[in-house]
Amino acid sequence: MSPSVVAAIDCGTNSTRLLVSRGGTETLDRLMTITRLGEGVDQTGSLAPGAIDRTVDCLRRYREVMDRLGVEAVRITATSAARDAANRDELFDAAEAVVGTRPELLSGLAEGQLSFRGATADLDPDLGPFLVVDLGGGSTELCVGTTVCEAAMSLDVGCVRLTEKYLHSDPPEPEELHACISVTGAHLDDVDREMPAARQARTFVGLAGTISTAAAVEQGLHAYDRDKIHHFELTKAAAEDVFRTLATESRADRAFNPGLEPGRVDVIVGGMAVLVKIMRHFGFESCLVSESDILDGMVLSLLD
């Protein structure tokens with residue numbers, strides 16, 4: 001019997017992503033679309049109609065891809081933006097009508113556990129314990145463990161949330177950048193108290209768009225190349241340099257950096273503030289960038 005063709009969809013705060021896999025080992029397609037589902041959620045407590053429409057339009061295209069590839073089972077999840085939104089059922093109803101499966105609202109803990117599973121599946125356990133950090137648009141999940149996630153926390157900091165809350169100047173003022181770093185630091189102090197094992201991790205594994213983008217910008221990639229980003233070692237010095245460069249440029253100038261896609265130009269600085277603060281706080285000299293993430297963990301869960 002041939003391996004099942006399964007799909008995973010993650011409706012995140014900044015992007016909506018699809019992974020179609022045969023048997024969990026062969027990637028048939030992997031897509032990412034900037035949909036900015038979390039636009040304004042921090043201020044209003046609701047998903048904006050336009051954000052819902054953008055996401056559902058994306059899901060409609062993904063359904064066509066899944067049909068073409070013969071997907072037999074799909075798991076679709078929603079994370080930080082939907083957790084914060086009182087009207088999430090408007091999205092869930094529309095998504096279910098298009099995809100045929102109702103989205104699951106993941107807790108931060110469940111999100112982190114799935115990300116850990118996906119990110120560490122192809123890593124040598126001798127490199128552990130791992131601190132896996134999924135730096136999203138509305139939240140950042142930190143998980144620690146070697147072969148399984150032993151502890152996890154979800155922090156309410158992310159590239160979209162910090163940008164909307166603090167980064168109002170173009171380019172950002174020093175005090176705005178300091179606010180992003182300071183707020184992130186306060187959350188990391190909570191990690192020290194509640195998840196002290198994070199300090200014992202040997203390898204920092206970084207996931208999601210901000211970190212992948214930092215790797216792409218550092219390498220000057222004019223086009224996305226998964227092979228050059230997956231398991232790229234982003235040094236602390238390089239991350240600090242990318243942060244400093246992007247934070248001192250206007251949005252118009254920032255857009256010319258190779259590796260920085262248009263949909264991230266306005267939120268990348270907020271995300272980089274989180275990344276560099278994590279590296280400073282825990283003393284990591286490098287970040288192992290992983291393009292295997294929550295989608296890969298979701299696919300594996302469908303095949304259990």
# chains A, B, ... in the order shown; residues from 1 in each chain; ligands from 1
$ select_by_dssp --residues "region 146-271 of chain A" --states "alpha helix (DSSP H)" --output "PyMOL selection string"
chain A and resi 159-166+174-194+209-219+226-229+236-247+251-254+268-271
$ residues_around --residues "Ala223 (chain A)" --least-positions-apart "2" --cutoff "8 Å" --atoms "only C-alpha atoms" --output "JSON, numbers by chain"
{"A": [221, 225, 258, 259]}
$ closest_atom_pairs --of "region 97-174 of chain A" --to "region 184-208 of chain A" --cutoff "6 Å" --atoms "only C-alpha atoms" --output "JSON lines"
{"residue": "A:Gly128", "atom": "CA", "partner": "A:Arg202", "partner_atom": "CA", "distance": 5.7}
{"residue": "A:Pro129", "atom": "CA", "partner": "A:Ala201", "partner_atom": "CA", "distance": 4.8}
{"residue": "A:Phe130", "atom": "CA", "partner": "A:Thr203", "partner_atom": "CA", "distance": 4.9}
{"residue": "A:Leu131", "atom": "CA", "partner": "A:Phe204", "partner_atom": "CA", "distance": 4.9}
{"residue": "A:Val132", "atom": "CA", "partner": "A:Val205", "partner_atom": "CA", "distance": 4.7}
{"residue": "A:Val133", "atom": "CA", "partner": "A:Gly206", "partner_atom": "CA", "distance": 5.0}
{"residue": "A:Asp134", "atom": "CA", "partner": "A:Leu207", "partner_atom": "CA", "distance": 4.7}
{"residue": "A:Leu135", "atom": "CA", "partner": "A:Ala208", "partner_atom": "CA", "distance": 5.8}
{"residue": "A:Val144", "atom": "CA", "partner": "A:Ala198", "partner_atom": "CA", "distance": 5.9}
$ select_by_dssp --residues "region 107-235 of chain A" --states "strand (DSSP E)" --output "PyMOL selection string"
chain A and resi 130-135+140-145+149-155+203-207+233-235
$ closest_residue --among "A:Asp126, A:Leu69, A:Glu261, A:Arg54" --to "Leu19 (chain A)" --atoms "only C-alpha atoms"
A:Leu69
